[in-house]
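Content type TSV, C-alpha atoms and all ligand atoms, from the file structure07.tsv:
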chain	number	residue	atom	x	y	z
A	1	MET	CA	68.51	-77.88	153.15
A	2	LYS	CA	72.01	-78.99	154.00
A	3	VAL	CA	74.24	-78.77	150.93
A	4	ARG	CA	76.01	-82.04	150.16
A	5	PHE	CA	79.45	-81.47	148.68
A	6	ALA	CA	81.60	-83.72	146.53
A	7	ASP	CA	84.02	-85.96	148.43
A	8	ARG	CA	86.97	-84.13	146.90
A	9	MET	CA	86.08	-81.03	148.89
A	10	ASN	CA	86.96	-82.90	152.09
A	11	THR	CA	90.55	-83.15	150.99
A	12	SER	CA	91.49	-79.49	150.90
A	13	THR	CA	91.02	-76.64	153.31
A	14	ARG	CA	91.32	-72.88	152.95
A	15	SER	CA	94.91	-71.83	152.75
A	16	PHE	CA	96.37	-71.05	156.18
A	17	ILE	CA	98.50	-68.36	154.56
A	18	ARG	CA	95.51	-66.61	153.01
A	19	GLU	CA	94.01	-66.52	156.52
A	20	ILE	CA	97.18	-64.95	157.97
A	21	LEU	CA	97.26	-62.54	155.06
A	22	LYS	CA	93.77	-61.38	155.97
A	23	VAL	CA	94.96	-60.50	159.49
A	24	ALA	CA	98.11	-58.96	158.07
A	25	GLU	CA	96.12	-56.73	155.72
A	26	SER	CA	95.50	-54.30	158.57
A	27	PRO	CA	97.60	-51.24	157.62
A	28	ASP	CA	99.40	-51.03	160.98
A	29	ILE	CA	100.79	-54.58	160.63
A	30	ILE	CA	104.15	-55.06	158.96
A	31	SER	CA	103.77	-58.27	157.05
A	32	PHE	CA	106.59	-60.62	156.16
A	33	ALA	CA	103.92	-63.30	155.76
A	34	GLY	CA	102.67	-62.92	152.20
A	35	GLY	CA	104.42	-63.76	148.97
A	36	LEU	CA	103.91	-60.34	147.48
A	37	PRO	CA	106.30	-58.64	145.07
A	38	SER	CA	107.17	-55.02	145.81
A	39	PRO	CA	104.75	-52.55	144.18
A	40	GLN	CA	107.95	-50.72	143.21
A	41	SER	CA	108.65	-53.62	140.86
A	42	PHE	CA	105.49	-52.97	138.85
A	43	PRO	CA	106.21	-51.06	135.63
A	44	GLN	CA	103.16	-48.89	136.20
A	45	ARG	CA	103.74	-46.11	133.66
A	46	GLU	CA	104.90	-48.54	130.98
A	47	LEU	CA	101.86	-50.78	131.50
A	48	ALA	CA	99.56	-47.75	131.30
A	49	GLU	CA	101.21	-46.82	128.00
A	50	ALA	CA	100.90	-50.39	126.72
A	51	ALA	CA	97.20	-50.45	127.69
A	52	GLN	CA	96.71	-47.18	125.85
A	53	VAL	CA	98.35	-48.59	122.71
A	54	VAL	CA	96.27	-51.79	122.82
A	55	MET	CA	93.00	-49.94	123.36
A	56	SER	CA	93.64	-47.36	120.70
A	57	GLU	CA	95.14	-49.63	118.03
A	58	THR	CA	93.40	-53.01	118.41
A	59	PRO	CA	90.30	-52.56	120.58
A	60	ASP	CA	88.07	-54.83	118.46
A	61	GLN	CA	90.47	-57.74	118.81
A	62	ALA	CA	91.59	-57.08	122.39
A	63	LEU	CA	88.04	-57.02	123.75
A	64	GLN	CA	86.94	-60.10	121.80
A	65	TYR	CA	87.06	-63.83	122.70
A	66	SER	CA	90.31	-65.42	121.56
A	67	ALA	CA	92.17	-68.74	121.35
A	68	THR	CA	92.33	-71.07	124.36
A	69	GLU	CA	96.07	-71.53	123.80
A	70	GLY	CA	96.65	-67.80	124.24
A	71	PHE	CA	97.70	-64.76	122.21
A	72	LEU	CA	100.15	-66.11	119.64
A	73	PRO	CA	102.72	-63.25	119.72
A	74	LEU	CA	102.91	-63.59	123.52
A	75	ARG	CA	103.46	-67.37	123.25
A	76	GLN	CA	106.16	-66.68	120.67
A	77	TRP	CA	107.82	-64.14	123.01
A	78	ILE	CA	107.93	-66.77	125.77
A	79	ALA	CA	109.35	-69.40	123.38
A	80	ASP	CA	112.01	-66.90	122.22
A	81	ARG	CA	112.93	-66.07	125.79
A	82	TYR	CA	113.55	-69.77	126.54
A	83	ARG	CA	115.78	-69.87	123.47
A	84	MET	CA	117.67	-66.82	124.72
A	85	ARG	CA	118.03	-68.05	128.33
A	86	PHE	CA	118.70	-71.75	127.77
A	87	GLY	CA	119.31	-72.19	124.04
A	88	TRP	CA	116.21	-74.39	123.70
A	89	GLU	CA	114.34	-74.78	120.43
A	90	VAL	CA	110.81	-74.10	121.68
A	91	SER	CA	107.78	-73.79	119.43
A	92	SER	CA	105.00	-71.37	120.38
A	93	ASP	CA	102.73	-74.46	119.98
A	94	GLU	CA	104.29	-75.83	123.16
A	95	ILE	CA	103.26	-72.80	125.24
A	96	LEU	CA	99.81	-72.49	126.85
A	97	ILE	CA	98.89	-69.17	128.44
A	98	THR	CA	97.20	-69.61	131.83
A	99	ASN	CA	95.73	-67.54	134.67
A	100	GLY	CA	99.02	-67.32	136.52
A	101	SER	CA	101.18	-70.38	137.00
A	102	GLN	CA	98.70	-71.47	139.69
A	103	GLN	CA	96.26	-72.45	136.95
A	104	GLY	CA	99.06	-74.40	135.28
A	105	VAL	CA	99.52	-76.38	138.50
A	106	ASP	CA	95.79	-77.07	138.68
A	107	LEU	CA	95.41	-78.06	135.02
A	108	LEU	CA	98.37	-80.44	135.22
A	109	GLY	CA	96.83	-82.05	138.30
A	110	LYS	CA	93.54	-82.36	136.43
A	111	ILE	CA	94.97	-84.07	133.35
A	112	LEU	CA	97.55	-86.28	135.09
A	113	LEU	CA	96.02	-87.48	138.36
A	114	ASN	CA	93.40	-90.08	139.14
A	115	ALA	CA	92.19	-90.43	142.72
A	116	GLY	CA	94.67	-92.56	144.66
A	117	ASP	CA	97.62	-91.92	142.31
A	118	SER	CA	100.96	-91.36	143.99
A	119	VAL	CA	102.53	-87.90	143.83
A	120	VAL	CA	105.83	-86.72	145.26
A	121	MET	CA	105.98	-83.21	146.72
A	122	GLU	CA	108.69	-81.23	148.49
A	123	ALA	CA	108.64	-80.75	152.28
A	124	PRO	CA	108.51	-77.89	153.00
A	125	GLY	CA	106.50	-77.16	149.88
A	126	TYR	CA	104.39	-74.63	148.01
A	127	LEU	CA	100.93	-74.75	149.56
A	128	GLY	CA	99.16	-73.64	146.40
A	129	ALA	CA	100.30	-76.85	144.72
A	130	TRP	CA	99.27	-78.99	147.69
A	131	GLN	CA	95.85	-77.37	147.62
A	132	ALA	CA	95.40	-77.73	143.85
A	133	PHE	CA	96.48	-81.38	143.73
A	134	ALA	CA	94.50	-82.34	146.84
A	135	LEU	CA	91.27	-81.74	144.91
A	136	TYR	CA	92.24	-84.62	142.59
A	137	GLN	CA	92.59	-86.92	145.63
A	138	PRO	CA	96.07	-88.33	145.07
A	139	GLU	CA	98.19	-90.06	147.69
A	140	VAL	CA	100.90	-87.50	148.47
A	141	PHE	CA	104.39	-88.53	149.56
A	142	THR	CA	106.98	-86.00	150.61
A	143	VAL	CA	110.68	-85.81	150.11
A	144	PRO	CA	112.54	-83.61	152.62
A	145	LEU	CA	114.48	-80.68	151.20
A	146	GLU	CA	118.11	-80.14	152.14
A	147	ALA	CA	120.16	-77.00	151.42
A	148	ASP	CA	120.94	-78.21	147.88
A	149	GLY	CA	117.70	-80.02	146.98
A	150	PRO	CA	115.72	-83.13	147.88
A	151	ASN	CA	117.03	-85.99	149.96
A	152	LEU	CA	117.96	-88.49	147.26
A	153	GLU	CA	117.74	-91.63	149.40
A	154	ARG	CA	114.16	-90.84	150.36
A	155	LEU	CA	113.25	-90.02	146.76
A	156	GLU	CA	114.76	-93.25	145.49
A	157	GLN	CA	112.95	-95.22	148.19
A	158	LEU	CA	109.61	-93.61	147.28
A	159	LEU	CA	110.10	-94.28	143.59
A	160	GLU	CA	111.02	-97.90	144.30
A	161	GLN	CA	108.06	-98.49	146.61
A	162	HIS	CA	105.23	-96.67	144.80
A	163	PRO	CA	104.16	-96.23	141.20
A	164	VAL	CA	104.69	-92.45	141.39
A	165	ARG	CA	102.70	-90.70	138.68
A	166	MET	CA	104.28	-87.30	139.03
A	167	MET	CA	106.74	-85.21	141.04
A	168	TYR	CA	106.28	-81.48	141.62
A	169	VAL	CA	109.28	-79.24	142.36
A	170	ALA	CA	110.13	-75.53	142.56
A	171	PRO	CA	113.92	-75.81	142.21
A	172	ASN	CA	114.84	-72.11	142.03
A	173	PHE	CA	114.59	-70.01	145.22
A	174	GLN	CA	111.91	-72.38	146.37
A	175	ASN	CA	108.79	-71.14	148.11
A	176	PRO	CA	109.02	-71.37	151.09
A	177	SER	CA	112.63	-72.39	151.81
A	178	GLY	CA	114.49	-70.08	149.40
A	179	ILE	CA	116.82	-72.96	148.45
A	180	THR	CA	118.03	-73.72	144.91
A	181	TYR	CA	118.74	-77.27	143.77
A	182	SER	CA	122.40	-77.88	142.92
A	183	GLU	CA	123.33	-79.12	139.46
A	184	ARG	CA	124.38	-82.43	141.00
A	185	LYS	CA	120.99	-82.98	142.61
A	186	ARG	CA	119.13	-81.97	139.47
A	187	ARG	CA	121.08	-84.55	137.51
A	188	ALA	CA	120.51	-87.21	140.15
A	189	VAL	CA	116.77	-86.49	140.52
A	190	ALA	CA	116.35	-86.53	136.74
A	191	SER	CA	118.14	-89.84	136.47
A	192	LEU	CA	115.86	-91.41	139.11
A	193	LEU	CA	112.75	-90.04	137.43
A	194	ARG	CA	113.90	-91.30	134.04
A	195	LYS	CA	114.44	-94.75	135.44
A	196	HIS	CA	110.92	-94.81	136.91
A	197	GLU	CA	109.25	-92.95	134.01
A	198	THR	CA	107.83	-90.34	136.36
A	199	ILE	CA	106.82	-86.99	134.89
A	200	LEU	CA	108.26	-83.89	136.55
A	201	ILE	CA	106.51	-80.55	136.98
A	202	GLU	CA	109.09	-77.79	137.32
A	203	ASP	CA	107.39	-74.70	138.74
A	204	ASP	CA	109.67	-71.72	138.12
A	205	PRO	CA	108.10	-68.40	139.14
A	206	TYR	CA	111.35	-67.02	140.58
A	207	GLY	CA	114.06	-68.17	138.13
A	208	GLU	CA	114.42	-64.70	136.58
A	209	LEU	CA	114.81	-63.12	140.03
A	210	ARG	CA	118.39	-64.29	140.50
A	211	PHE	CA	120.60	-61.58	141.94
A	212	GLU	CA	123.73	-63.65	142.66
A	213	GLY	CA	125.55	-66.68	141.31
A	214	THR	CA	124.89	-68.56	138.09
A	215	ALA	CA	121.71	-70.37	137.18
A	216	PRO	CA	121.82	-74.18	137.15
A	217	SER	CA	120.14	-76.06	134.28
A	218	SER	CA	116.41	-76.46	134.11
A	219	PHE	CA	115.16	-80.03	134.60
A	220	ARG	CA	114.01	-79.83	131.00
A	221	THR	CA	117.68	-80.10	129.98
A	222	TYR	CA	117.90	-83.52	131.61
A	223	LEU	CA	114.37	-84.79	131.15
A	224	ASN	CA	113.26	-83.28	127.88
A	225	ASN	CA	109.61	-84.23	127.22
A	226	GLN	CA	109.33	-85.95	130.60
A	227	CYS	CA	109.16	-82.46	132.12
A	228	CYS	CA	106.59	-79.63	132.02
A	229	VAL	CA	107.79	-76.16	133.01
A	230	LEU	CA	105.55	-73.51	134.56
A	231	GLY	CA	106.32	-69.81	134.25
A	232	THR	CA	104.63	-66.55	135.13
A	233	PHE	CA	104.69	-62.79	134.65
A	234	SER	CA	103.55	-62.36	138.27
A	235	LYS	CA	106.99	-61.63	139.70
A	236	MET	CA	108.57	-59.94	136.68
A	237	VAL	CA	105.67	-57.71	135.62
A	238	SER	CA	102.55	-57.90	137.83
A	239	PRO	CA	100.62	-60.62	139.66
A	240	GLY	CA	97.35	-58.71	139.32
A	241	LEU	CA	97.28	-59.29	135.57
A	242	ARG	CA	97.18	-63.07	136.26
A	243	ILE	CA	99.16	-64.21	133.23
A	244	GLY	CA	101.40	-67.27	133.38
A	245	TRP	CA	102.14	-70.23	131.13
A	246	VAL	CA	102.87	-73.93	130.82
A	247	TYR	CA	105.64	-75.16	128.54
A	248	ALA	CA	104.73	-78.75	127.73
A	249	PRO	CA	105.30	-81.35	125.00
A	250	ALA	CA	102.63	-81.69	122.27
A	251	GLU	CA	100.78	-84.70	123.76
A	252	VAL	CA	100.45	-82.96	127.14
A	253	MET	CA	99.45	-79.68	125.48
A	254	GLU	CA	96.57	-81.36	123.72
A	255	LYS	CA	95.04	-82.44	127.04
A	256	LEU	CA	95.88	-79.16	128.76
A	257	VAL	CA	93.95	-77.24	126.10
A	258	ILE	CA	90.87	-79.42	126.67
A	259	ALA	CA	91.11	-78.90	130.46
A	260	LYS	CA	91.64	-75.16	130.03
A	261	GLN	CA	88.65	-74.89	127.70
A	262	ALA	CA	86.50	-76.61	130.28
A	263	ALA	CA	87.81	-74.36	133.05
A	264	ASP	CA	87.59	-70.89	131.50
A	265	LEU	CA	87.76	-70.99	127.66
A	266	GLN	CA	90.81	-68.70	127.66
A	267	SER	CA	92.85	-66.34	129.81
A	268	ASN	CA	92.14	-62.61	129.81
A	269	HIS	CA	92.91	-61.55	126.26
A	270	LEU	CA	93.20	-57.84	127.02
A	271	ALA	CA	95.77	-58.53	129.76
A	272	GLN	CA	97.75	-60.79	127.39
A	273	ARG	CA	97.90	-58.07	124.74
A	274	ILE	CA	98.89	-55.42	127.29
A	275	ILE	CA	101.72	-57.59	128.66
A	276	HIS	CA	102.90	-58.41	125.15
A	277	THR	CA	102.94	-54.74	124.11
A	278	TYR	CA	104.78	-53.89	127.33
A	279	LEU	CA	107.38	-56.62	126.64
A	280	ILE	CA	108.14	-55.52	123.08
A	281	GLN	CA	108.18	-51.79	123.84
A	282	ASN	CA	110.51	-51.94	126.84
A	283	ASP	CA	113.88	-53.31	127.88
A	284	VAL	CA	112.74	-56.25	130.03
A	285	ASP	CA	116.26	-57.18	131.12
A	286	ARG	CA	116.85	-53.70	132.46
A	287	HIS	CA	113.57	-53.92	134.35
A	288	LEU	CA	114.59	-57.31	135.77
A	289	ASN	CA	117.97	-55.89	136.81
A	290	GLU	CA	116.17	-53.21	138.79
A	291	ILE	CA	113.98	-55.77	140.57
A	292	GLN	CA	117.04	-57.90	141.31
A	293	ARG	CA	118.89	-54.90	142.77
A	294	LEU	CA	115.87	-53.92	144.88
A	295	TYR	CA	115.37	-57.45	146.27
A	296	ARG	CA	119.05	-58.01	146.91
A	297	GLU	CA	119.16	-54.83	149.02
A	298	ARG	CA	116.10	-55.96	150.96
A	299	ARG	CA	117.44	-59.46	151.51
A	300	ASP	CA	120.74	-58.05	152.78
A	301	LEU	CA	119.05	-55.53	155.04
A	302	MET	CA	116.74	-58.15	156.49
A	303	LEU	CA	119.62	-60.54	157.12
A	304	ASP	CA	121.69	-57.77	158.78
A	305	CYS	CA	118.77	-56.83	161.04
A	306	LEU	CA	118.12	-60.48	161.94
A	307	LYS	CA	121.77	-61.10	162.70
A	308	ALA	CA	121.95	-58.04	164.96
A	309	ALA	CA	118.70	-58.89	166.76
A	310	PHE	CA	118.64	-62.67	167.28
A	311	PRO	CA	120.85	-65.12	169.15
A	312	ALA	CA	123.16	-67.32	167.07
A	313	ASP	CA	120.94	-70.39	167.48
A	314	VAL	CA	118.29	-68.72	165.29
A	315	LYS	CA	119.64	-69.43	161.81
A	316	PHE	CA	118.55	-67.92	158.51
A	317	ASN	CA	119.68	-68.98	155.05
A	318	LYS	CA	120.85	-66.59	152.33
A	319	PRO	CA	119.00	-67.30	149.07
A	320	GLN	CA	120.64	-66.08	145.87
A	321	GLY	CA	117.34	-64.78	144.53
A	322	GLY	CA	113.57	-64.95	144.87
A	323	MET	CA	111.54	-63.44	147.67
A	324	PHE	CA	111.89	-65.60	150.82
A	325	LEU	CA	114.22	-66.32	153.72
A	326	TRP	CA	113.89	-69.46	155.78
A	327	GLY	CA	114.76	-69.54	159.46
A	328	GLU	CA	115.40	-72.52	161.74
A	329	LEU	CA	115.01	-72.20	165.49
A	330	PRO	CA	115.85	-74.29	168.54
A	331	ASN	CA	113.19	-77.00	168.97
A	332	SER	CA	112.17	-75.52	172.30
A	333	VAL	CA	110.68	-72.44	170.59
A	334	ASP	CA	106.90	-72.52	170.24
A	335	VAL	CA	106.56	-70.88	166.83
A	336	GLN	CA	102.77	-70.62	166.92
A	337	LEU	CA	102.96	-68.75	170.23
A	338	TRP	CA	105.65	-66.50	168.79
A	339	LEU	CA	103.36	-65.72	165.83
A	340	GLU	CA	100.48	-64.81	168.15
A	341	ARG	CA	102.73	-62.45	170.12
A	342	ALA	CA	104.18	-61.08	166.88
A	343	ILE	CA	100.74	-60.24	165.52
A	344	ARG	CA	99.92	-58.47	168.79
A	345	ASN	CA	103.19	-56.56	168.21
A	346	ARG	CA	101.99	-55.73	164.69
A	347	VAL	CA	104.30	-57.91	162.63
A	348	ALA	CA	103.45	-61.14	160.78
A	349	PHE	CA	105.30	-64.15	159.39
A	350	VAL	CA	104.41	-67.72	158.44
A	351	PRO	CA	105.44	-70.58	160.76
A	352	GLY	CA	107.33	-73.29	158.89
A	353	ALA	CA	104.79	-75.91	160.01
A	354	ALA	CA	102.27	-74.41	157.56
A	355	PHE	CA	104.42	-75.75	154.72
A	356	TYR	CA	104.44	-79.31	156.07
A	357	PRO	CA	100.80	-80.36	155.71
A	358	GLN	CA	101.72	-83.92	156.72
A	359	GLY	CA	103.42	-82.78	159.93
A	360	ASP	CA	106.99	-83.40	161.06
A	361	ALA	CA	108.01	-79.78	160.68
A	362	PRO	CA	111.20	-78.48	162.24
A	363	SER	CA	110.85	-75.35	164.38
A	364	SER	CA	111.04	-72.84	161.53
A	365	LEU	CA	109.57	-69.83	159.75
A	366	ARG	CA	109.33	-68.15	156.36
A	367	LEU	CA	110.00	-64.43	155.94
A	368	ASN	CA	109.18	-62.51	152.78
A	369	PHE	CA	111.76	-59.82	152.06
A	370	SER	CA	110.46	-58.37	148.78
A	371	ASN	CA	107.36	-56.50	149.87
A	372	ALA	CA	108.27	-54.36	152.89
A	373	ASP	CA	110.26	-51.15	152.37
A	374	PRO	CA	113.61	-50.74	154.21
A	375	GLY	CA	112.13	-48.77	157.14
A	376	SER	CA	109.46	-51.40	157.65
A	377	ILE	CA	112.04	-54.19	157.47
A	378	GLU	CA	114.04	-52.55	160.27
A	379	THR	CA	110.99	-51.88	162.44
A	380	GLY	CA	109.42	-55.24	161.66
A	381	ILE	CA	112.49	-57.24	162.68
A	382	GLN	CA	112.69	-55.28	165.96
A	383	ARG	CA	109.04	-56.12	166.64
A	384	LEU	CA	109.72	-59.74	165.77
A	385	ARG	CA	112.59	-59.82	168.24
A	386	LYS	CA	110.45	-58.30	170.98
A	387	ALA	CA	107.77	-60.94	170.41
A	388	TYR	CA	110.41	-63.70	170.49
A	389	GLY	CA	111.01	-63.01	174.15
B	1	LIG	C1	106.05	-71.83	143.72
B	1	LIG	C2	104.89	-71.00	143.24
B	1	LIG	N1	104.16	-71.45	142.23
B	1	LIG	C3	103.12	-70.74	141.75
B	1	LIG	C4	102.77	-69.53	142.31
B	1	LIG	C5	101.57	-68.82	141.76
B	1	LIG	O1	101.93	-67.72	141.01
B	1	LIG	P1	101.02	-67.06	139.92
B	1	LIG	O2	100.77	-65.67	140.37
B	1	LIG	O3	101.81	-67.12	138.66
B	1	LIG	O4	99.76	-67.86	139.81
B	1	LIG	C6	103.49	-69.02	143.38
B	1	LIG	C7	103.12	-67.74	144.00
B	1	LIG	O5	103.54	-67.33	145.02
B	1	LIG	C8	104.59	-69.78	143.86
B	1	LIG	O6	105.34	-69.36	144.88
If you took the structure in this file and wrote it as C-alpha cells, what would it be?
Ligand SMILES: Cc1ncc(COP(=O)(O)O)c(C=O)c1O
Amino acid sequence: MKVRFADRMNTSTRSFIREILKVAESPDIISFAGGLPSPQSFPQRELAEAAQVVMSETPDQALQYSATEGFLPLRQWIADRYRMRFGWEVSSDEILITNGSQQGVDLLGKILLNAGDSVVMEAPGYLGAWQAFALYQPEVFTVPLEADGPNLERLEQLLEQHPVRMMYVAPNFQNPSGITYSERKRRAVASLLRKHETILIEDDPYGELRFEGTAPSSFRTYLNNQCCVLGTFSKMVSPGLRIGWVYAPAEVMEKLVIAKQAADLQSNHLAQRIIHTYLIQNDVDRHLNEIQRLYRERRDLMLDCLKAAFPADVKFNKPQGGMFLWGELPNSVDVQLWLERAIRNRVAFVPGAAFYPQGDAPSSLRLNFSNADPGSIETGIQRLRKAYG
C-alpha cells in the first residue's frame, strides 16, 4: 500500500543543515557547519552533582508526571532572571517550559496560524522556524536583513499590503547572520507592528552570549503583550537536556498549554529539576562569563585566520556575541561547488543560500565558531582556503 500523507507534509522538507551535519559527523571532518555549542561550555561536573542531589533527595517527584506548564521553581528562576536582566515584572505564570525553544516556535505556529495566513520572516533566517511554521501552511513573506536589522521599507510595504498575522525575529546574534538589531530598528519595527496589530515572536537563544558591547532592549520593552519571547538553556547549560521556555501573556499562555498538552503532556521533569538544582547551586554568571571568554577567543581566532587566508573581496562580519560568522563573497563564486570541494578537503560550512528558502540569496556562507577548538579552527580555515581555489 502506498501511504497517503497529509497535505501539510508537502510544505516542508528535511533540513538541509541536518543533512550536511550528517556528512560532517565523520570524525576526520572539521565542521563549521553545525550550530553546536562547545562541549567545554557544558558544566559537566556540576550537572552530575545536581543530578545526584535530585535523585537522592526527590526521586519520587522527579521521576513522576508533572505539570504541563513546567516545574514551578524553574519557571520562577526564569521570571527572576528577566527581572534581573531587564527590570521586568514577570510572573512565573507567564513562563511555559518547553522542549528547547524549538518547541516554543512550533507551539506558537500551532496556536497562531491558519493555513494561508501571512507571516513575516527574516532573510536570511533560522531554518528551524521556517520548517516548523511551514507545517501550518502559512504564506511566508521575507524581509531582508541589513547589518542593523530588517529593511524597514520592505517591512512597512508588507504590513501595508497583507494582513500579517505574525512576525518572527531572532534579533540578537541572529542565526545565521550573526547580526544584532540596533535600538533604532527595534523601535521602528515595534512601531510598525503596533500600528498593524501584528504579534511578534522574539526568539532569543543567544542573548546571554554577548561578549562585547551593551545589549539593546528586548522587543518586549516596546511591544509589551504584543510580543512573545523564547528562551533556552541550550547555549548556556546544555542542548542535550532539551529545556527551553516561552514567555507569553496570559491569553497566549492558555492556548500554549493546551497545544503543549496535546503534543507531549509536559517536558522532561527530571531534566527540569536537574537544571534548576544546577542553577541554584552554582554561580551562573561566572559560568556565562567563561563561555563568553571562550567564544570571543574563537571568534577572534577565526577572523584572524580568515583575514590572513582570503582575499579582501571575501568579507566576514564581526558579531558581538553568539556562535556564527557570516561571509559575503563576490557573485562569481559558486558556493555550492566550494562546499563540495571543502568536504573533499575535510572541512564543512553552510552556504548562505540554505537560509533563503525563497531564493534570491547573495553569494554567502555561515561559519560556526563555537564548536571547533583553536587547532581545528586554524587547520579548518586553511582547508577552506585550499578548497576556495
Ligand atoms: C534562532 C534559534 N532558535 C531556536 C533554536 C533551537 O534551540 P533549542 O535547542 O533551544 O531548541 C536555535 C538553535 O540553534 C536557534 O538558532
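Taking all atoms listed in the file into account, the residues that come within 7 Å of ligand LIG 1 (chain B) are Gly35, Asn99, Gly100, Ser101, Gln102, Gln103, Tyr126, Gly128, Ala170, Gln174, Asn175, Asp203, Asp204, Pro205, Gly231, Thr232, Phe233, Ser234, Pro239, Arg242, Ile243 and Gly244 of chain A.
Shortest separation to Val120 in chain A among A:Phe86, A:Tyr168, A:Tyr222, A:Tyr295 occurs at residue A:Tyr168, atoms counted being only C-alpha atoms.
A straight line drawn from CA of His162 in chain A to CA of Pro176 in chain A is 26.3 Å long.
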Which polymer residues have any atom within 9 Å of an atom of Thr221 in chain A, counting all atoms listed in the file, with same-chain residues fewer than 3 positions away left out, as a PyMOL selection string?
-> chain A and resi 86+88+217-218+224
With a distance cut-off of 12 Å and only C-alpha atoms, select the neighbouring residues of Met9 in chain A, excluding the residue or stretch itself and same-chain residues fewer than 6 positions from it, and output the selection as JSON, numbers by chain.
-> {"A": [131, 132, 133, 134, 135, 136, 137]}
Would you give me, as CSV, each residue of range 41-131 of chain A having an atom within 10 Å of an atom of range 277-286 of chain A, along with its shortest atom pair and that distance in Å to one decimal, using all atoms listed in the file and sorting by chain and residue number?
residue,atom,partner,partner_atom,distance
A:Pro43,CA,A:Tyr278,CA,8.9
A:Glu46,CA,A:Tyr278,CA,6.5
A:Leu47,CA,A:Tyr278,CA,6.0
A:Ala48,CA,A:Tyr278,CA,9.0
A:Glu49,CA,A:Tyr278,CA,7.9
A:Ala50,CA,A:Tyr278,CA,5.3
A:Ala51,CA,A:Thr277,CA,8.0
A:Gln52,CA,A:Thr277,CA,9.9
A:Val53,CA,A:Thr277,CA,7.8
A:Val54,CA,A:Thr277,CA,7.4
A:Pro73,CA,A:Thr277,CA,9.6
A:Leu74,CA,A:Leu279,CA,8.8
A:Trp77,CA,A:Leu279,CA,8.4
